[in-house]
Each structure stands twice: as structure tokens, then as C-alpha cells.
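All remarks here apply to the structure that follows.
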Amino acid sequence: MLGETFRVPRFSKCADGRPIHAWDAKGTRRSFPGEERSAFWGWAAIEILRHTGIRIEELLELGHHSIVSYKLPTTGQTVPLLQIAPSKTDQERLVLVTPELADVLSTVVSRVRGSDGRAPVLRSYDHYGRVWNPPMPLLFQDRSGGYLRPLSRATIRRGLDVTLLASGLTDSAGDPLTFQPHDFRRIFITDSILNGPPPHIAQVIAGHDHIGTTMGYAAIYPTDAIEAHRAFIARRRALRPADEYRTVTPEEWGEFLGHFERRKLALGDCGRAYGTDCAHEHVPLTELVWVPCQVNS
């Protein structure tokens with residue numbers, strides 16, 4: 001295990017002969033099954049959350065039957081989809097399964113299904129509705145204390161903490177980086193809006209009732225807005241005859257922008273804010289010269 005040295009008790013072994021507990025070089029008692037369990041479910045949760053943007057309660061309610069197929073009417077191609085059960089919005093939705101997500105789901109299914117090829121059926125508790133869900137072949141289940149149990153939110157969060165701590169990632173202050181399950185949803189929605197489908201499609205994928213909720217998740221920075229607007233203008237101009245537009249030279253842009261900088265330096269504010277006119281207003285770009293703006297004293 002990464003070159004570590006352990007002391008193993010003589011009589012603490014599983015039925016297959018593997019040790020259950022051991023002590024590392026620092027004298028800390030370690031549980032191999034527990035560490036493996038935490039590492040696996042931490043990895044599975046991170047991968048599914050970042051590829052789907054689903055909520056943690058939706059993650060824990062994924063079942064063996066949640067993986068469905070859909071035939072595209074245009075091409076006849078069959079694509080896999082992940083069926084998300086109703087959650088906060090009480091809306092069922094489908095999320096496209098990418099090859100990366102398919103690999104994770106296949107690994108989880110292989111871990112939980114029994115000898116008959118099916119995942120055991122368990123009941124889980126709905127914390128929002130405060131009711132017990134009907135028995136389902138849950139994907140996020142594991143054996144604990146000799147019994148199969150649905151994984152809890154606390155187990156998922158501990159798995160995330162252990163995984164991030166082992167990664168060595170730190171924040172801007174140098175402290176260990178921490179992530180909440182919902183942070184992956186924010187990242188997914190922001191990435192979708194900036195680099196993927198339009199906002200109203202991202203709204204459907206995220207399962208939001210209102211598009212304002214979707215946009216509230218997106219961390220849109222000034223640079224992103226400016227670059228996106230420039231790309232939109234370029235596409236718009238490409239659809240029209242070239243003679244409808246003119247190309248401004250760098251010198252003209254510099255003079256144009258310098259005009260406003262000079263006004264700010266001379267006045268602190270635009271002269272029009274005080275009811276006066278500006279000598280630079282309505283002057284063609286090619287004729288712009290510096291004339292001090294007049295302002296009422």
C-alpha cells in the first residue's frame with residue numbers, strides 16, 4: 001500500500017485470510033476494508049456528480065433500473081440515458097450517459113449486484129419527504145456490520161473528504177481543499193452554460209423549474225461575458241454582406257478609447273452629467289482631436 005509498513009495481529013483475519021485491521025508505522029490502527037470502501041465510494045460519487053450535475057439525494061436514489069436506452073428518431077442510433085427520479089422539483093428527467101460515466105456506472109453495478117446479476121433490493125429514507133421509499137435495487141449500497149445498507153449522505157461526504165485530503169490539493173490559503181457534493185453541481189451547470197447547450201437546455205438537464213435558478217448557479221465572469229458577446233457579434237456579422245460593416249483600424253480604436261480616458265482625467269465625470277455638452281460628441285472617429293470638455297463650475 002504505497003510502500004507503507006504495517007503490523008498485523010495474528011488472529012484478526014477475514015474468512016479469506018486477509019487481515020481486517022493493522023497498525024501503521026505511526027501506531028495508528030487502520031481498517032483495510034473501511035479504507036477501501038471509503039475510497040471506492042468517494043471515487044464513484046465524484047465521477048457521477050461531476051458528469052451529471054445531479055443532487056446528492058438523486059445520487060443516492062440511483063438504481064439498477066435507472067440506466068435506460070433511447071433510440072434517436074433521426075438516425076436510429078441507440079444512446080444510453082440515466083433516469084433521475086423526482087427530487088426537489090418533483091420532475092423526472094433524463095441525462096445523457098457519456099463513455100466516462102458509463103465506465104463508472106458499470107463498475108458500481110459490478111460491485112453491488114449479486115450472483116444472479118441483479119442488485120439487491122433495499123429500502124431508503126427520503127429526508128425531504130420524511131418517508132421511506134419503496135424497495136429499490138439501489139446502486140449506492142454496501143455491506144456494513146454484516147448487513148447490506150443504503151449509503152448515507154455522511155458516508156458520501158466522508159469519502160469526498162478522504163479523497164481530497166489524499167490528493168494534496170489546497171486552496172488559495174494553503175489549507176486542504178474541501179468540496180461539498182453540491183459544488184460539483186455548480187461546476188457542472190456553469191460549464192454547461194459557458195461551453196455547452198443554451199441556458200434553457202441546461203435548465204432541463206439540471207431539473208430546474210425556472211431558468212433564473214439555472215443562471216444563478218453559473219459563475220459568469222466579465223471576461224467570459226465579453227468573449228461570448230464578441231463571438232456572437234462575429235457570427236452575426238458573418239451572416240450579412242461585408243459592405244454593411246466597416247473595419248476600425250487600431251489607431252481609430254485608440255483615439256476613440258483615448259477620448260473617454262481624457263474626459264475622465266480632465267473632469268472626473270462626463271460633462272453631460274452637469275447639463276453641459278462635450279466638445280467631442282458627434283465628431284467622426286477619423287476627426288477626433290483632444291478638446292478640453294467644458295463643465296459648469
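FYI, nothing fancy with the C-alpha cells labels: chains A, B, ... in order, residues from 1 per chain, ligands from 1 as they appear.
For segment 121-235 of chain A, backbone-based DSSP assignment of strand (DSSP E) covers Tyr125, Asp126, Val131, Trp132, Gln141, Asp142, Arg143, Ser144, Tyr147, Leu148, Arg149 and Pro150 of chain A.
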If you run DSSP on the backbone, which residues of segment 135-233 of chain A are alpha helix (DSSP H), as a CSV table (one decimal) with N, CA and C atoms, in the first residue's frame?
```csv
chain,number,residue,atom,x,y,z
A,153,ARG,N,-25.7,10.1,3.3
A,153,ARG,CA,-25.0,11.3,2.9
A,153,ARG,C,-23.7,11.5,3.6
A,154,ALA,N,-23.7,11.1,4.9
A,154,ALA,CA,-22.5,11.3,5.7
A,154,ALA,C,-21.4,10.4,5.1
A,155,THR,N,-21.7,9.2,4.6
A,155,THR,CA,-20.7,8.3,4.0
A,155,THR,C,-20.1,9.0,2.8
A,156,ILE,N,-21.0,9.5,2.0
A,156,ILE,CA,-20.5,10.2,0.7
A,156,ILE,C,-19.6,11.4,1.0
A,157,ARG,N,-20.0,12.2,2.0
A,157,ARG,CA,-19.2,13.3,2.4
A,157,ARG,C,-17.8,12.9,2.9
A,158,ARG,N,-17.8,11.9,3.8
A,158,ARG,CA,-16.6,11.4,4.3
A,158,ARG,C,-15.7,10.9,3.1
A,159,GLY,N,-16.3,10.2,2.2
A,159,GLY,CA,-15.5,9.7,1.0
A,159,GLY,C,-14.9,10.9,0.2
A,160,LEU,N,-15.6,12.0,0.1
A,160,LEU,CA,-15.1,13.2,-0.6
A,160,LEU,C,-13.9,13.8,0.2
A,161,ASP,N,-14.1,13.9,1.5
A,161,ASP,CA,-13.1,14.5,2.3
A,161,ASP,C,-11.8,13.7,2.3
A,162,VAL,N,-11.9,12.3,2.4
A,162,VAL,CA,-10.7,11.5,2.3
A,162,VAL,C,-10.0,11.6,1.0
A,163,THR,N,-10.8,11.6,-0.1
A,163,THR,CA,-10.2,11.6,-1.4
A,163,THR,C,-9.5,12.9,-1.7
A,164,LEU,N,-10.1,14.0,-1.3
A,164,LEU,CA,-9.5,15.3,-1.5
A,164,LEU,C,-8.2,15.5,-0.6
A,165,LEU,N,-8.3,15.0,0.6
A,165,LEU,CA,-7.1,15.0,1.5
A,165,LEU,C,-6.0,14.2,0.9
A,166,ALA,N,-6.3,13.1,0.4
A,166,ALA,CA,-5.2,12.2,-0.2
A,166,ALA,C,-4.6,12.9,-1.5
A,167,SER,N,-5.5,13.7,-2.2
A,167,SER,CA,-5.0,14.3,-3.4
A,167,SER,C,-3.9,15.4,-3.2
A,181,PRO,N,-20.9,18.0,-1.9
A,181,PRO,CA,-21.5,17.3,-3.1
A,181,PRO,C,-22.1,18.4,-4.1
A,182,HIS,N,-22.7,19.4,-3.5
A,182,HIS,CA,-23.4,20.4,-4.3
A,182,HIS,C,-22.5,21.2,-5.2
A,183,ASP,N,-21.2,21.3,-4.7
A,183,ASP,CA,-20.2,22.1,-5.5
A,183,ASP,C,-20.0,21.5,-6.9
A,184,PHE,N,-20.1,20.2,-7.0
A,184,PHE,CA,-20.0,19.6,-8.4
A,184,PHE,C,-21.2,20.0,-9.3
A,185,ARG,N,-22.3,20.2,-8.7
A,185,ARG,CA,-23.5,20.6,-9.4
A,185,ARG,C,-23.3,22.1,-10.0
A,186,ARG,N,-22.7,22.9,-9.1
A,186,ARG,CA,-22.5,24.3,-9.5
A,186,ARG,C,-21.5,24.3,-10.7
A,187,ILE,N,-20.4,23.5,-10.6
A,187,ILE,CA,-19.4,23.4,-11.6
A,187,ILE,C,-20.0,22.9,-12.9
A,188,PHE,N,-20.8,21.9,-12.8
A,188,PHE,CA,-21.4,21.3,-14.0
A,188,PHE,C,-22.3,22.3,-14.7
A,189,ILE,N,-23.2,23.0,-14.0
A,189,ILE,CA,-24.1,23.9,-14.6
A,189,ILE,C,-23.3,25.1,-15.2
A,190,THR,N,-22.3,25.6,-14.5
A,190,THR,CA,-21.5,26.7,-15.1
A,190,THR,C,-20.9,26.3,-16.4
A,191,ASP,N,-20.3,25.1,-16.3
A,191,ASP,CA,-19.6,24.6,-17.5
A,191,ASP,C,-20.6,24.4,-18.7
A,192,SER,N,-21.8,23.9,-18.4
A,192,SER,CA,-22.8,23.7,-19.4
A,192,SER,C,-23.2,25.0,-20.1
A,193,ILE,N,-23.4,26.0,-19.3
A,193,ILE,CA,-23.8,27.3,-19.9
A,193,ILE,C,-22.7,28.0,-20.7
A,194,LEU,N,-21.5,27.9,-20.2
A,194,LEU,CA,-20.3,28.5,-20.9
A,194,LEU,C,-19.9,27.8,-22.1
A,195,ASN,N,-19.9,26.5,-22.1
A,195,ASN,CA,-19.3,25.7,-23.1
A,195,ASN,C,-20.2,24.7,-23.8
A,199,PRO,N,-28.9,28.2,-22.3
A,199,PRO,CA,-29.4,28.1,-20.9
A,199,PRO,C,-30.7,27.4,-20.7
A,200,HIS,N,-31.6,27.5,-21.7
A,200,HIS,CA,-32.9,26.8,-21.5
A,200,HIS,C,-32.7,25.3,-21.6
A,201,ILE,N,-31.7,24.8,-22.3
A,201,ILE,CA,-31.5,23.4,-22.3
A,201,ILE,C,-30.7,22.9,-21.1
A,202,ALA,N,-29.8,23.8,-20.6
A,202,ALA,CA,-29.1,23.5,-19.3
A,202,ALA,C,-30.1,23.4,-18.2
A,203,GLN,N,-31.2,24.2,-18.3
A,203,GLN,CA,-32.2,24.2,-17.2
A,203,GLN,C,-32.9,22.9,-17.2
A,204,VAL,N,-33.2,22.3,-18.3
A,204,VAL,CA,-33.9,21.0,-18.4
A,204,VAL,C,-32.9,19.9,-17.8
A,205,ILE,N,-31.7,20.0,-18.2
A,205,ILE,CA,-30.7,19.0,-17.8
A,205,ILE,C,-30.5,19.0,-16.2
A,206,ALA,N,-30.5,20.3,-15.7
A,206,ALA,CA,-30.3,20.4,-14.3
A,206,ALA,C,-31.6,20.1,-13.5
A,211,ILE,N,-35.6,29.2,-15.3
A,211,ILE,CA,-34.3,29.4,-15.8
A,211,ILE,C,-33.4,30.4,-15.0
A,212,GLY,N,-34.1,31.2,-14.2
A,212,GLY,CA,-33.4,32.1,-13.3
A,212,GLY,C,-32.6,31.3,-12.2
A,213,THR,N,-33.1,30.2,-11.8
A,213,THR,CA,-32.4,29.3,-10.9
A,213,THR,C,-31.1,28.8,-11.5
A,214,THR,N,-31.2,28.4,-12.8
A,214,THR,CA,-30.1,27.8,-13.5
A,214,THR,C,-29.0,28.9,-13.6
A,215,MET,N,-29.4,30.1,-14.1
A,215,MET,CA,-28.4,31.2,-14.3
A,215,MET,C,-27.8,31.6,-12.9
A,216,GLY,N,-28.5,31.4,-11.8
A,216,GLY,CA,-28.0,31.7,-10.5
A,216,GLY,C,-26.8,30.8,-10.1
A,217,TYR,N,-26.8,29.6,-10.7
A,217,TYR,CA,-25.7,28.7,-10.4
A,217,TYR,C,-24.4,29.0,-11.2
A,222,PRO,N,-16.7,38.6,-16.0
A,222,PRO,CA,-16.7,39.6,-17.0
A,222,PRO,C,-16.0,39.2,-18.3
A,223,THR,N,-14.8,38.5,-18.2
A,223,THR,CA,-14.1,38.1,-19.4
A,223,THR,C,-14.9,37.1,-20.2
A,224,ASP,N,-15.7,36.2,-19.5
A,224,ASP,CA,-16.5,35.3,-20.2
A,224,ASP,C,-17.6,36.0,-21.0
A,225,ALA,N,-18.2,37.0,-20.3
A,225,ALA,CA,-19.3,37.7,-21.0
A,225,ALA,C,-18.8,38.5,-22.2
A,226,ILE,N,-17.7,39.1,-22.1
A,226,ILE,CA,-17.1,39.9,-23.2
A,226,ILE,C,-16.8,39.0,-24.3
A,227,GLU,N,-16.1,37.9,-24.1
A,227,GLU,CA,-15.7,37.0,-25.1
A,227,GLU,C,-16.9,36.4,-25.8
A,228,ALA,N,-17.9,36.0,-25.0
A,228,ALA,CA,-19.1,35.4,-25.6
A,228,ALA,C,-19.8,36.4,-26.5
A,229,HIS,N,-19.9,37.7,-26.0
A,229,HIS,CA,-20.5,38.7,-26.8
A,229,HIS,C,-19.8,39.0,-28.1
A,230,ARG,N,-18.4,39.0,-28.1
A,230,ARG,CA,-17.6,39.2,-29.3
A,230,ARG,C,-17.9,38.1,-30.3
A,231,ALA,N,-17.9,36.9,-29.8
A,231,ALA,CA,-18.2,35.7,-30.7
A,231,ALA,C,-19.5,35.8,-31.3
A,232,PHE,N,-20.5,36.3,-30.5
A,232,PHE,CA,-21.9,36.5,-31.1
A,232,PHE,C,-21.9,37.6,-32.2
A,233,ILE,N,-21.2,38.7,-31.9
A,233,ILE,CA,-21.2,39.7,-32.9
A,233,ILE,C,-20.5,39.2,-34.2
```
Residue among A:Ser66, A:Arg118, A:Arg29, A:Thr5 lying closest to Arg93 of chain A, counting only C-alpha atoms: A:Ser66
Shortest interatomic distance to Asp103 of chain A - which of A:His51, A:Ser69, A:Arg143, A:Arg130, counting only C-alpha atoms: A:His51
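Taking atom CA of Pro73 of chain A and atom CA of Pro197 of chain A as endpoints, the distance between them is 20.1 Å.
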Gln91 of chain A environment, 10 Å, only C-alpha atoms, sequence neighbours closer than 5 positions dropped, as number ranges by chain: A: 84-86, 204, 207-209
Residues within 9 Å of Arg123 of chain A, only C-alpha atoms, excluding chain neighbours under 3 positions, as a ChimeraX atom specification: /A:132-138,149-150
12 Å contact set for Arg111 of chain A, only C-alpha atoms, chain neighbours under 4 positions out, as a list of chain:residue names: A:Arg37, A:Phe40, A:Trp41, A:Ala44, A:His64, A:Val104, A:Leu105, A:Ser106, A:Thr107, A:Ser115, A:Gly117, A:Arg118, A:Ala119, A:Pro120, A:Leu138, A:Leu139, A:Phe140, A:Gln141, A:Asp142, A:Arg143
